[in-house]
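Asks: Below is the file data.txt, which contains compact mmCIF, C-alpha atoms.
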# COMPACT_ATOMS: atom_id res chain seq x y z
CA MET Z 1 30.88 -13.12 -117.23
CA HIS Z 2 32.45 -10.01 -118.73
CA LEU Z 3 33.67 -10.50 -122.29
CA SER Z 4 35.57 -7.92 -124.31
CA SER Z 5 33.59 -6.90 -127.41
CA GLU Z 6 36.91 -6.98 -129.29
CA VAL Z 7 37.42 -10.63 -128.30
CA PHE Z 8 33.86 -11.50 -129.36
CA SER Z 9 34.47 -9.83 -132.73
CA ARG Z 10 37.75 -11.73 -133.17
CA MET Z 11 36.01 -15.04 -132.35
CA CYS Z 12 33.41 -14.40 -135.06
CA LEU Z 13 36.05 -13.19 -137.52
CA ALA Z 14 38.22 -16.28 -136.95
CA ALA Z 15 35.29 -18.65 -137.59
CA ARG Z 16 34.15 -16.68 -140.65
CA GLU Z 17 37.62 -16.44 -142.20
CA ILE Z 18 38.40 -20.15 -141.71
CA SER Z 19 35.03 -21.16 -143.20
CA GLY Z 20 35.55 -18.73 -146.08
CA ILE Z 21 38.96 -20.20 -146.93
CA VAL Z 22 37.70 -23.80 -146.63
CA GLY Z 23 34.68 -22.97 -148.78
CA ARG Z 24 31.99 -24.14 -146.35
CA ASP Z 25 30.99 -23.55 -142.74
CA VAL Z 26 33.18 -25.67 -140.48
CA GLU Z 27 33.94 -25.93 -136.77
CA CYS Z 28 36.86 -24.28 -134.98
CA MET Z 29 37.57 -23.33 -131.37
CA GLY Z 30 39.68 -21.25 -128.98
CA TYR Z 31 40.32 -20.87 -125.23
CA LEU Z 32 39.07 -17.78 -123.37
CA LEU Z 33 41.76 -15.92 -121.42
CA ALA Z 34 41.57 -13.54 -118.46
CA GLU Z 35 44.52 -11.72 -116.93
CA LYS Z 36 45.58 -12.83 -113.46
CA GLY Z 37 43.63 -10.89 -110.87
CA SER Z 38 40.64 -10.43 -113.21
CA SER Z 39 37.71 -12.52 -114.41
CA ALA Z 40 37.10 -10.37 -117.50
CA VAL Z 41 37.95 -12.14 -120.78
CA THR Z 42 40.27 -9.88 -122.76
CA ASP Z 43 41.91 -12.39 -125.14
CA PHE Z 44 41.69 -15.90 -126.54
CA TYR Z 45 44.23 -18.55 -127.49
CA PHE Z 46 43.80 -20.44 -130.78
CA PRO Z 47 45.34 -23.92 -130.33
CA GLU Z 48 46.53 -26.38 -132.95
CA GLN Z 49 43.42 -28.33 -133.89
CA HIS Z 50 41.77 -30.68 -136.37
CA GLY Z 51 38.39 -29.49 -137.62
CA ASP Z 52 35.62 -30.64 -139.94
CA ASP Z 53 31.94 -29.86 -140.59
CA ALA Z 54 30.73 -30.95 -137.16
CA GLU Z 55 33.79 -31.29 -134.93
CA SER Z 56 36.97 -29.54 -133.90
CA GLY Z 57 39.43 -31.40 -131.69
CA THR Z 58 42.66 -30.40 -129.97
CA GLY Z 59 45.14 -31.96 -127.59
CA ASP Z 60 46.50 -28.50 -126.80
CA PHE Z 61 45.71 -27.18 -123.32
CA LEU Z 62 48.55 -24.84 -122.43
CA TYR Z 63 47.12 -24.00 -119.02
CA ARG Z 64 50.43 -23.81 -117.23
CA GLN Z 65 52.31 -21.99 -119.99
CA LEU Z 66 49.63 -19.31 -120.23
CA TYR Z 67 49.50 -19.04 -116.44
CA GLU Z 68 53.23 -18.33 -116.37
CA GLN Z 69 52.62 -15.57 -118.94
CA GLY Z 70 50.08 -13.91 -116.64
CA MET Z 71 46.87 -15.35 -118.11
CA ASN Z 72 44.28 -17.85 -116.87
CA ILE Z 73 42.19 -20.09 -119.14
CA THR Z 74 38.62 -19.45 -117.96
CA GLY Z 75 36.68 -21.21 -120.71
CA MET Z 76 36.37 -21.80 -124.43
CA TRP Z 77 34.42 -20.76 -127.50
CA HIS Z 78 33.68 -22.82 -130.58
CA SER Z 79 31.76 -22.47 -133.80
CA HIS Z 80 29.04 -24.90 -134.88
CA GLY Z 81 29.35 -23.82 -138.50
CA TYR Z 82 25.89 -24.12 -140.06
CA PHE Z 83 24.44 -26.14 -137.13
CA PRO Z 84 22.30 -24.42 -134.44
CA VAL Z 85 23.97 -23.07 -131.29
CA PHE Z 86 23.79 -25.58 -128.42
CA HIS Z 87 26.12 -27.62 -126.23
CA SER Z 88 26.35 -31.21 -127.42
CA PRO Z 89 27.28 -34.29 -125.35
CA THR Z 90 30.73 -34.12 -127.00
CA ASP Z 91 31.06 -30.53 -125.75
CA HIS Z 92 30.12 -31.67 -122.22
CA THR Z 93 32.82 -34.35 -122.33
CA HIS Z 94 35.40 -31.84 -123.53
CA VAL Z 95 34.48 -29.36 -120.77
CA LYS Z 96 34.56 -32.05 -118.08
CA ASN Z 97 38.03 -33.18 -119.18
CA ARG Z 98 39.25 -29.59 -119.12
CA LEU Z 99 37.84 -28.99 -115.63
CA LYS Z 100 39.62 -32.11 -114.38
CA ALA Z 101 42.86 -30.93 -115.99
CA MET Z 102 42.43 -27.51 -114.36
CA GLN Z 103 41.95 -29.11 -110.95
CA ARG Z 104 45.14 -31.17 -111.32
CA GLU Z 105 47.16 -28.20 -112.50
CA ASN Z 106 45.73 -25.82 -109.89
CA ASP Z 107 46.87 -28.22 -107.18
CA LEU Z 108 50.42 -27.86 -108.49
CA LEU Z 109 50.31 -24.14 -109.27
CA ASP Z 110 49.13 -23.30 -105.75
CA ALA Z 111 52.63 -24.12 -104.46
CA TRP Z 112 53.42 -20.86 -102.65
CA ASP Z 113 55.82 -20.35 -99.76
CA ALA Z 114 55.54 -17.16 -97.70
CA TYR Z 115 58.50 -15.38 -96.12
CA SER Z 116 57.52 -12.66 -93.67
CA ASN Z 117 59.88 -9.72 -93.16
CA PRO Z 118 59.53 -6.36 -91.39
CA GLY Z 119 57.64 -4.21 -93.90
CA SER Z 120 57.02 -6.90 -96.54
CA ILE Z 121 55.87 -10.42 -97.37
CA LYS Z 122 57.74 -12.33 -100.07
CA LEU Z 123 55.91 -15.11 -101.92
CA PHE Z 124 57.74 -17.75 -103.97
CA ASN Z 125 56.13 -20.43 -106.13
CA LYS Z 126 58.34 -23.52 -106.00
CA GLU Z 127 56.53 -25.06 -108.98
CA THR Z 128 56.80 -22.18 -111.48
CA MET Z 129 59.85 -20.39 -109.96
CA GLN Z 130 57.90 -17.12 -109.91
CA GLY Z 131 57.66 -14.72 -106.98
CA MET Z 132 56.31 -11.42 -105.74
CA LYS Z 133 56.69 -9.02 -102.86
CA ILE Z 134 53.78 -7.51 -100.92
CA LYS Z 135 54.97 -4.11 -99.70
CA LEU Z 136 53.59 -2.90 -96.37
CA SER Z 137 53.20 0.71 -95.34
CA ILE Z 138 54.29 0.02 -91.76
CA ASN Z 139 57.42 -1.68 -90.48
CA TYR Z 140 56.01 -4.80 -88.85
CA LYS Z 141 56.46 -8.52 -89.46
CA PRO Z 142 53.13 -10.37 -89.98
CA GLU Z 143 52.78 -13.88 -88.61
CA ILE Z 144 51.67 -15.82 -91.72
CA LYS Z 145 49.86 -19.14 -91.26
CA ASN Z 146 49.31 -20.09 -94.91
CA VAL Z 147 48.91 -18.64 -98.39
CA HIS Z 148 46.63 -19.92 -101.18
CA GLU Z 149 46.18 -18.67 -104.71
CA GLN Z 150 42.56 -18.47 -105.82
CA LEU Z 151 42.66 -20.06 -109.27
CA PRO Z 152 39.74 -20.64 -111.70
CA GLU Z 153 37.52 -23.55 -110.67
CA THR Z 154 34.72 -23.07 -113.21
CA PHE Z 155 34.59 -23.09 -117.00
CA GLN Z 156 32.62 -20.81 -119.34
CA SER Z 157 31.67 -22.06 -122.81
CA ILE Z 158 30.27 -20.09 -125.74
CA VAL Z 159 28.91 -21.59 -128.97
CA ILE Z 160 28.54 -19.43 -132.08
CA ASN Z 161 27.56 -20.34 -135.66
CA ARG Z 162 27.41 -18.91 -139.19
CA ASP Z 163 24.49 -16.63 -138.29
CA THR Z 164 26.52 -15.17 -135.44
CA TYR Z 165 29.65 -14.49 -137.42
CA ASN Z 166 27.83 -13.33 -140.57
CA GLY Z 167 26.09 -10.68 -138.51
CA SER Z 168 22.51 -11.61 -139.35
CA ASN Z 169 21.78 -12.97 -135.88
CA LYS Z 170 23.71 -12.22 -132.69
CA ALA Z 171 22.45 -15.39 -130.98
CA TYR Z 172 24.93 -17.60 -129.13
CA ASP Z 173 24.70 -20.27 -126.45
CA ALA Z 174 26.64 -19.57 -123.26
CA MET Z 175 26.96 -22.00 -120.35
CA HIS Z 176 28.67 -21.96 -116.97
CA PHE Z 177 30.18 -25.33 -115.94
CA SER Z 178 31.63 -26.71 -112.71
CA LEU Z 179 32.50 -30.07 -111.17
CA GLU Z 180 30.82 -31.36 -108.03
CA ASN Z 181 31.89 -34.81 -106.79
CA ASN Z 182 33.24 -35.48 -110.28
CA GLU Z 183 29.81 -34.72 -111.79
CA LEU Z 184 29.46 -31.95 -114.38
CA LYS Z 185 27.11 -29.17 -113.27
CA GLN Z 186 25.84 -26.58 -115.72
CA GLU Z 187 23.70 -23.51 -115.90
CA LYS Z 188 22.94 -20.83 -118.45
CA ALA Z 189 25.48 -18.04 -118.36
CA LYS Z 190 24.77 -14.37 -118.83
CA ILE Z 191 27.56 -12.71 -120.78
CA ASP Z 192 28.12 -8.98 -120.68
CA ILE Z 193 29.84 -8.09 -123.96
CA HIS Z 194 31.32 -4.61 -123.81
CA PRO Z 195 34.63 -2.81 -124.46
CA ILE Z 196 37.27 -3.88 -121.93
CA MET Z 197 40.89 -2.79 -121.93
CA ALA Z 198 43.44 -5.33 -120.75
CA THR Z 199 45.45 -4.19 -117.73
CA SER Z 200 48.70 -4.84 -119.61
CA VAL Z 201 47.61 -2.54 -122.46
CA LEU Z 202 46.64 0.23 -120.06
CA GLU Z 203 49.92 -0.21 -118.18
CA ASN Z 204 51.88 0.18 -121.40
CA MET Z 205 50.03 3.40 -122.24
CA ALA Z 206 50.47 4.72 -118.70
CA ASN Z 207 54.24 4.24 -119.05
CA ASN Z 208 54.33 6.08 -122.36
CA TYR Z 209 51.88 8.97 -122.02
CA THR Z 210 52.98 12.26 -120.46
CA ILE Z 211 50.78 15.29 -119.88
CA SER Z 212 51.76 18.53 -118.17
CA GLY Z 213 55.15 16.97 -117.43
CA LEU Z 214 53.62 14.01 -115.54
CA LEU Z 215 53.50 10.40 -116.67
CA LEU Z 216 50.02 8.89 -116.64
CA LYS Z 217 51.23 6.13 -114.31
CA ASP Z 218 52.19 8.74 -111.68
CA MET Z 219 48.77 10.36 -111.56
CA PRO Z 220 46.72 9.66 -108.40
CA ALA Z 221 43.76 8.25 -110.37
CA TYR Z 222 45.97 5.69 -112.14
CA ARG Z 223 47.82 4.72 -108.94
CA LYS Z 224 44.47 4.13 -107.27
CA LYS Z 225 43.24 2.08 -110.24
CA ALA Z 226 46.42 -0.04 -110.36
CA SER Z 227 46.84 -0.55 -106.62
CA PRO Z 228 46.02 -3.97 -105.13
CA LYS Z 229 42.51 -4.48 -103.72
CA THR Z 230 42.06 -6.12 -100.31
CA ARG Z 231 39.22 -7.47 -98.21
CA ILE Z 232 38.86 -9.71 -95.16
CA LYS Z 233 36.98 -12.97 -95.62
CA ASN Z 234 36.91 -16.07 -93.38
CA ASN Z 235 39.52 -14.55 -91.10
CA ALA Z 236 41.97 -14.17 -94.02
CA VAL Z 237 43.13 -11.26 -96.13
CA GLU Z 238 42.20 -11.60 -99.80
CA ILE Z 239 44.48 -9.63 -102.13
CA THR Z 240 43.72 -9.00 -105.80
CA SER Z 241 46.47 -7.59 -107.99
CA ARG Z 242 47.93 -8.00 -111.49
CA TYR Z 243 49.82 -11.04 -110.12
CA GLY Z 244 46.67 -12.91 -109.16
CA CYS Z 245 44.23 -13.39 -106.28
CA PHE Z 246 45.58 -14.66 -102.96
CA SER Z 247 44.17 -15.55 -99.57
CA ILE Z 248 46.58 -15.00 -96.66
CA LYS Z 249 45.78 -16.29 -93.19
CA CYS Z 250 47.57 -14.50 -90.37
CA ASP Z 251 47.18 -13.56 -86.69
CA ASN Z 252 45.86 -10.06 -87.35
CA PRO Z 253 44.12 -9.86 -90.76
CA GLN Z 254 42.74 -6.36 -90.17
CA GLU Z 255 46.18 -4.91 -89.51
CA LEU Z 256 47.65 -6.67 -92.55
CA ALA Z 257 44.82 -5.55 -94.86
CA GLU Z 258 45.20 -1.92 -93.82
CA SER Z 259 48.98 -1.96 -94.28
CA ILE Z 260 49.19 -3.45 -97.79
CA GLU Z 261 50.60 -0.79 -100.08
CA ASP Z 262 51.66 -2.51 -103.32
CA VAL Z 263 52.49 -5.85 -104.97
CA ILE Z 264 55.59 -6.07 -107.17
CA ALA Z 265 57.65 -8.84 -108.80
CA LEU Z 266 60.64 -10.27 -106.97
CA SER Z 267 64.01 -9.33 -108.44
CA ASP Z 268 66.12 -11.96 -110.22
CA GLU Z 269 68.54 -11.94 -107.27
CA GLU Z 270 65.72 -12.65 -104.81
CA LEU Z 271 64.34 -15.44 -107.03
CA ASP Z 272 67.78 -17.05 -107.28
CA LYS Z 273 68.05 -17.10 -103.49
CA TYR Z 274 64.81 -19.07 -103.15
CA LYS Z 275 65.61 -21.37 -106.09
CA GLU Z 276 68.82 -22.43 -104.33
CA LYS Z 277 66.78 -23.70 -101.38
CA LEU Z 278 64.76 -26.12 -103.53
CA PRO Z 279 65.50 -29.86 -103.42
CA LYS Z 280 67.32 -31.34 -106.37
CA LYS Z 281 65.57 -32.95 -109.33
CA PRO Z 282 63.44 -36.07 -108.69
CA ASN Z 283 64.92 -39.32 -109.92
CA ALA Z 284 63.34 -41.40 -112.67
CA LYS Z 285 61.71 -43.76 -110.15
CA ASP Z 286 59.86 -40.86 -108.49
CA SER Z 287 58.79 -39.48 -111.87
CA ILE Z 288 57.30 -42.84 -112.90
CA GLU Z 289 55.57 -43.24 -109.52
CA ASN Z 290 53.98 -39.81 -110.01
CA ILE Z 291 52.53 -40.96 -113.33
CA VAL Z 292 51.27 -44.25 -111.87
CA ASN Z 293 49.58 -42.24 -109.12
CA GLU Z 294 47.97 -40.03 -111.81
CA LYS Z 295 49.99 -36.98 -110.81
CA GLN Z 296 50.56 -35.58 -114.28
CA LEU Z 297 54.01 -34.29 -115.21
CA PHE Z 298 53.65 -30.65 -116.21
CA SER Z 299 57.30 -29.85 -116.66
CA PHE Z 300 60.40 -31.86 -117.31
CA ARG Z 301 64.04 -30.91 -117.46
CA GLN Z 302 66.37 -33.39 -119.15
CA TYR Z 303 69.60 -34.07 -117.32
CA ASP Z 304 72.69 -35.61 -118.87
CA SER Z 305 73.66 -38.99 -117.48
CA GLU Z 306 76.57 -41.29 -118.18
CA ASP Z 307 74.16 -44.23 -117.82
CA PRO Z 308 71.98 -44.42 -120.99
CA CYS Z 309 69.41 -46.62 -119.22
CA ILE Z 310 68.73 -43.94 -116.60
CA GLU Z 311 68.40 -41.27 -119.26
CA ALA Z 312 66.02 -43.48 -121.28
CA THR Z 313 63.95 -44.18 -118.15
CA GLU Z 314 63.55 -40.46 -117.49
CA MET Z 315 62.50 -39.84 -121.10
CA HIS Z 316 60.04 -42.74 -120.87
CA ALA Z 317 58.43 -41.09 -117.83
CA PHE Z 318 58.24 -37.77 -119.65
CA TYR Z 319 56.53 -39.17 -122.76
CA VAL Z 320 54.10 -41.22 -120.67
CA GLY Z 321 53.07 -37.92 -119.05
CA LEU Z 322 52.51 -36.29 -122.44
CA PHE Z 323 50.55 -39.32 -123.64
CA LEU Z 324 48.21 -39.25 -120.63
CA SER Z 325 47.54 -35.54 -121.07
CA ALA Z 326 46.44 -36.09 -124.69
CA ILE Z 327 43.99 -38.97 -124.19
CA ASP Z 328 40.89 -36.91 -125.05
CA PHE Z 329 42.61 -35.65 -128.23
CA TYR Z 330 43.28 -39.21 -129.44
CA GLN Z 331 39.58 -40.05 -129.10
CA ARG Z 332 38.49 -37.26 -131.44
CA SER Z 333 38.74 -38.95 -134.83
CA GLU Z 334 40.53 -41.63 -136.79
CA SER Z 335 43.16 -39.12 -137.95
CA CYS Z 336 43.94 -38.26 -134.33
CA LYS Z 337 44.35 -41.95 -133.51
CA ARG Z 338 47.32 -42.05 -135.88
CA TYR Z 339 49.10 -39.76 -133.42
CA MET Z 340 48.12 -42.11 -130.60
CA HIS Z 341 49.81 -45.07 -132.34
CA ALA Z 342 52.94 -43.03 -133.07
CA ASP Z 343 53.08 -41.63 -129.51
CA LYS Z 344 52.65 -45.13 -128.09
CA ALA Z 345 55.60 -46.29 -130.23
CA VAL Z 346 57.70 -43.44 -128.80
CA ILE Z 347 56.83 -44.54 -125.25
CA ASP Z 348 57.70 -48.17 -126.05
CA LEU Z 349 60.93 -47.04 -127.71
CA PHE Z 350 62.27 -45.39 -124.55
CA ALA Z 351 61.04 -48.30 -122.42
CA ALA Z 352 63.06 -50.64 -124.66
CA LEU Z 353 66.13 -48.39 -124.57
CA SER Z 354 65.95 -48.30 -120.77
CA GLY Z 355 65.75 -52.07 -120.45
CA ALA Z 356 62.39 -51.81 -118.71
CA VAL Z 357 61.10 -54.43 -121.18
CA GLU Z 358 62.95 -57.24 -122.90
CA SER Z 359 64.20 -55.90 -126.19
CA SER Z 360 66.70 -56.33 -128.96
CA PRO Z 361 67.94 -54.15 -131.84
CA LYS Z 362 65.22 -55.83 -133.94
CA THR Z 363 62.52 -54.71 -131.49
CA ILE Z 364 63.82 -51.15 -131.51
CA PHE Z 365 63.91 -51.17 -135.32
CA GLN Z 366 60.24 -52.23 -135.30
CA LEU Z 367 59.35 -49.37 -132.95
CA PHE Z 368 61.06 -46.87 -135.23
CA SER Z 369 59.09 -48.36 -138.14
CA SER Z 370 55.82 -48.01 -136.17
CA ILE Z 371 56.41 -44.27 -135.92
CA GLU Z 372 57.01 -44.05 -139.69
CA GLU Z 373 54.07 -46.30 -140.62
CA SER Z 374 51.55 -44.35 -138.51
CA GLY Z 375 51.33 -41.75 -141.28
CA VAL Z 376 52.03 -38.83 -138.94
CA PRO Z 377 54.47 -36.24 -140.41
CA LEU Z 378 57.90 -37.17 -139.04
CA ASP Z 379 58.81 -33.57 -138.20
CA VAL Z 380 56.44 -33.86 -135.21
CA TYR Z 381 58.91 -36.37 -133.72
CA ILE Z 382 62.20 -34.53 -134.22
CA ASN Z 383 62.68 -34.03 -130.45
CA PRO Z 384 62.14 -37.67 -129.37
CA LEU Z 385 64.21 -38.90 -132.32
CA ASN Z 386 67.10 -36.64 -131.30
CA GLU Z 387 66.74 -37.82 -127.69
CA ALA Z 388 66.75 -41.46 -128.79
CA LYS Z 389 69.83 -40.83 -130.94
CA ALA Z 390 71.71 -39.29 -127.96
CA ILE Z 391 70.93 -42.39 -125.87
CA ILE Z 392 71.82 -44.87 -128.63
CA GLU Z 393 75.20 -43.16 -129.12
CA LYS Z 394 76.13 -44.26 -125.58
CA MET Z 395 75.08 -47.87 -126.13
CA PRO Z 396 77.22 -50.80 -127.38
CA GLY Z 397 76.42 -52.21 -130.82
CA LYS Z 398 74.98 -48.88 -131.82
CA LYS Z 399 75.90 -48.59 -135.49
CA PRO Z 400 72.80 -50.19 -137.19
CA LEU Z 401 70.39 -48.34 -134.85
CA LEU Z 402 72.21 -45.06 -135.36
CA LYS Z 403 71.88 -45.45 -139.10
CA LYS Z 404 68.12 -45.99 -138.73
CA VAL Z 405 67.48 -43.02 -136.45
CA GLU Z 406 69.68 -40.74 -138.56
CA SER Z 407 67.71 -41.74 -141.65
CA MET Z 408 64.44 -40.88 -139.89
CA LEU Z 409 65.83 -37.56 -138.69
CA LYS Z 410 66.86 -36.70 -142.24
CA LYS Z 411 63.30 -37.40 -143.44
CA ALA Z 412 61.85 -35.43 -140.51
CA LYS Z 413 63.98 -32.38 -141.22
CA GLY Z 414 63.08 -32.66 -144.92
CA VAL Z 415 59.38 -32.47 -143.99
CA LYS Z 416 60.00 -29.50 -141.69
CA ASP Z 417 61.99 -27.59 -144.34
CA ALA Z 418 59.48 -28.33 -147.11
As a first step, turn the structure in this file into structure tokens.

Replies:
Amino acid sequence: MHLSSEVFSRMCLAAREISGIVGRDVECMGYLLAEKGSSAVTDFYFPEQHGDDAESGTGDFLYRQLYEQGMNITGMWHSHGYFPVFHSPTDHTHVKNRLKAMQRENDLLDAWDAYSNPGSIKLFNKETMQGMKIKLSINYKPEIKNVHEQLPETFQSIVINRDTYNGSNKAYDAMHFSLENNELKQEKAKIDIHPIMATSVLENMANNYTISGLLLKDMPAYRKKASPKTRIKNNAVEITSRYGCFSIKCDNPQELAESIEDVIALSDEELDKYKEKLPKKPNAKDSIENIVNEKQLFSFRQYDSEDPCIEATEMHAFYVGLFLSAIDFYQRSESCKRYMHADKAVIDLFAALSGAVESSPKTIFQLFSSIEESGVPLDVYINPLNEAKAIIEKMPGKKPLLKKVESMLKKAKGVKDA
């Protein structure tokens, strides 16, 4: 594993600064990030988390969002504060849950369609609405059989402690994890910590540095460095570029590999053309069936409906998906379980509004009260409260319920503005 020395320094600095502010050595964590097309860790993401002396928990795992920004989560780091560096059973559970989440999301993210044209191959991801064009140096139309993106399937984990970040001892514990038949496999990882420049940083400099009248990006050495890399493996062409790593099966892999010239992003006009071909949104029934079948919802777009029950059903499906994705977070500590009770009340609220369960205004009042009584800051629930209000406004006998939700929204906005 190649790890940027700057990232390692920032990890240690983050742990040291947090402990210094708290006044004692405490735990904190972050996710290791590599740019698409690279396995070198050049950044980390610091999620919202709850820490203490011997634990740091988070429900944040923005795998898809970071992927759409050009980064892959390849692992995590965390500080053990004043405890020795080692991977605890709790760490193993966290890693296993993350590997399972990665597998589920990778299955969705590898949703690429290939469109072969004379002189190019256009790839469109129907899940993320992203696309790219593989430019060919010769004017021929490859016969593509299938395309797969090679996404991370393993997880690196690094444990540091006060000795590490205070500079007296550079020891750390690094492990390489994978899943085999749902069993966690692990082995010691060797980490090469050295200066690494992110491709995006180099690209920015290459676009802004001119010497002898020539931009850096136009120099042969830079074009060679930035050009996609290809190889033939298992009768497929493997392409590595800033847009990721792809395996393309075709009739003549040697000819395709030799003709690949560049990989660029599809234009907005080209993307719009492929978006128009997609089927329309799934209905609420399909969304709920996906959840029941453990196919997690990773994105959701709310659609206006004249029928408040349908709208409430769709929102119920959405919040069930969020709830399932945060199960490991709820199990972290008693304080995290308060969020579980409030989230469960939100799910029950939309089920009641949809008529999926027998309910009355009194029941819905009680569900609103459950959110308040959980002790979670109300500003966390501004979005579901606004969504509930929009549904209630379309319902008969709405006045008492509207008064309740408006009162909660006022409190929530007061917390947010404080």

Asks: For each of Z:Lys337, Z:Arg162, Z:Arg10, Z:Lys275, take the minimum atom-to-atom distance to Glu27 in chain Z, counting only C-alpha atoms, then give the residue where this is smallest.

Replies: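 Among the listed residues, the smallest separation from Glu27 in chain Z belongs to Z:Arg162.
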
Asks: In Å to one decimal, how far is CA of Lys362 in chain Z from CA of Val405 in chain Z?

Replies: 13.2 Å

Asks: Which polymer residues have any atom within 6 Å of an atom of Glu149 in chain Z, counting all atoms listed in the file, with same-chain residues fewer than 3 positions away left out, as a list in words?

Replies: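 The neighbour list is Asp110, Cys245 and Phe246 of chain Z.
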
Asks: One decimal, Å: what's the distance from CA of Asn208 in chain Z over to CA of Arg223 in chain Z, could you say?

Replies: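 Interatomic distance, CA of Asn208 in chain Z to CA of Arg223 in chain Z: 15.0 Å.
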
Asks: Between Z:Lys170, Z:His78, Z:Lys389, Z:Lys225, which has the minimum distance to Tyr31 in chain Z (counting only C-alpha atoms)?

Replies: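 With only C-alpha atoms as the atom set, the closest residue is Z:His78.
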
Asks: In terms of the shortest atom-to-atom distance over all atoms listed in the file, which of Z:Met197, Z:Gly81, Z:Ala174, Z:Cys28 is closest to Glu6 in chain Z?

Replies: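 Residue with the minimum atom-to-atom distance to Glu6 in chain Z: Z:Met197.
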
Asks: Just checking: using only C-alpha atoms, which residue out of Z:Val41, Z:Ile138, Z:Leu33, Z:Val26 ends up closest to His194 in chain Z?

Replies: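 Between Z:Val41, Z:Ile138, Z:Leu33, Z:Val26, the residue approaching His194 in chain Z most closely is Z:Val41.
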
Asks: Would you mind reading off the distance between CA of Lys141 in chain Z and CA of Asn252 in chain Z, one decimal, in Å?

Replies: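 Distance reported for this atom pair: 10.9 Å.
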
Asks: Find the spatial neighbours of Lys344 in chain Z, counting all atoms listed in the file, within a cut-off of 10 Å - ignore same-chain residues fewer than 6 positions away - and output them as a list of chain:residue names.

Replies: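 These residues fall inside the cut-off: Z:Tyr319, Z:Val320, Z:Phe323, Z:Arg338, Z:Leu367, Z:Ser370, Z:Ile371.
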
Asks: Could you tell me which of Z:Ser335, Z:Ser120, Z:Gln130, Z:Ser19 comes closest to Leu271 in chain Z if we count only C-alpha atoms?

Replies: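 That would be Z:Gln130, the residue with the smallest distance to Leu271 in chain Z.
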
Asks: Looking at Z:Asp251, Z:Asp307, Z:Asp348, Z:Asp52, which one is nearest to Thr363 in chain Z, with distances taken over all atoms listed in the file?

Replies: Z:Asp348

Asks: Just the residues within 10 Å of Leu109 in chain Z, please, counting all atoms listed in the file, with nothing from its chain fewer than 4 positions along; format it as a list in words.

Replies: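 What passes the distance filter is Arg64, Tyr67, Glu68, Met102, Gln103, Arg104, Glu105, Asn125, Lys126, Glu127, Thr128, His148, Glu149 and Leu151 of chain Z.
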
Asks: Leaving out Gly119 in chain Z and any residue of its chain fewer than 4 positions from it, which residues lie within 6 Å of it when counting all atoms listed in the file, given as an NGL selection string?

Replies: :Z and (136 or 138-140)

Asks: Some atoms are absent from range 362-373 of chain Z, so rebuild N, CA and C atoms and return them as a PDB file, in the coordinates of the input.

Replies:
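For reference, part-v1.pdb as written:
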ATOM      1  N   LYS Z 362      66.338 -55.590-133.025  1.00  0.00           N
ATOM      2  CA  LYS Z 362      65.220 -55.830-133.940  1.00  0.00           C
ATOM      3  C   LYS Z 362      63.937 -55.182-133.403  1.00  0.00           C
ATOM      4  N   THR Z 363      63.700 -55.324-132.095  1.00  0.00           N
ATOM      5  CA  THR Z 363      62.520 -54.710-131.490  1.00  0.00           C
ATOM      6  C   THR Z 363      62.547 -53.200-131.651  1.00  0.00           C
ATOM      7  N   ILE Z 364      63.704 -52.613-131.410  1.00  0.00           N
ATOM      8  CA  ILE Z 364      63.820 -51.150-131.510  1.00  0.00           C
ATOM      9  C   ILE Z 364      63.635 -50.691-132.943  1.00  0.00           C
ATOM     10  N   PHE Z 365      64.161 -51.469-133.909  1.00  0.00           N
ATOM     11  CA  PHE Z 365      63.910 -51.170-135.320  1.00  0.00           C
ATOM     12  C   PHE Z 365      62.407 -51.147-135.604  1.00  0.00           C
ATOM     13  N   GLN Z 366      61.691 -52.137-135.075  1.00  0.00           N
ATOM     14  CA  GLN Z 366      60.240 -52.230-135.300  1.00  0.00           C
ATOM     15  C   GLN Z 366      59.509 -51.025-134.718  1.00  0.00           C
ATOM     16  N   LEU Z 367      59.985 -50.538-133.566  1.00  0.00           N
ATOM     17  CA  LEU Z 367      59.350 -49.370-132.950  1.00  0.00           C
ATOM     18  C   LEU Z 367      59.580 -48.114-133.780  1.00  0.00           C
ATOM     19  N   PHE Z 368      60.807 -47.977-134.321  1.00  0.00           N
ATOM     20  CA  PHE Z 368      61.060 -46.870-135.230  1.00  0.00           C
ATOM     21  C   PHE Z 368      60.122 -46.961-136.442  1.00  0.00           C
ATOM     22  N   SER Z 369      59.947 -48.165-136.968  1.00  0.00           N
ATOM     23  CA  SER Z 369      59.090 -48.360-138.140  1.00  0.00           C
ATOM     24  C   SER Z 369      57.638 -48.030-137.811  1.00  0.00           C
ATOM     25  N   SER Z 370      57.196 -48.321-136.573  1.00  0.00           N
ATOM     26  CA  SER Z 370      55.820 -48.010-136.170  1.00  0.00           C
ATOM     27  C   SER Z 370      55.554 -46.509-136.217  1.00  0.00           C
ATOM     28  N   ILE Z 371      56.558 -45.723-135.857  1.00  0.00           N
ATOM     29  CA  ILE Z 371      56.410 -44.270-135.920  1.00  0.00           C
ATOM     30  C   ILE Z 371      56.253 -43.833-137.380  1.00  0.00           C
ATOM     31  N   GLU Z 372      57.095 -44.398-138.269  1.00  0.00           N
ATOM     32  CA  GLU Z 372      57.010 -44.050-139.690  1.00  0.00           C
ATOM     33  C   GLU Z 372      55.696 -44.496-140.307  1.00  0.00           C
ATOM     34  N   GLU Z 373      55.245 -45.707-139.974  1.00  0.00           N
ATOM     35  CA  GLU Z 373      54.070 -46.300-140.620  1.00  0.00           C
ATOM     36  C   GLU Z 373      52.746 -45.718-140.118  1.00  0.00           C
TER      37      GLU Z 373
END
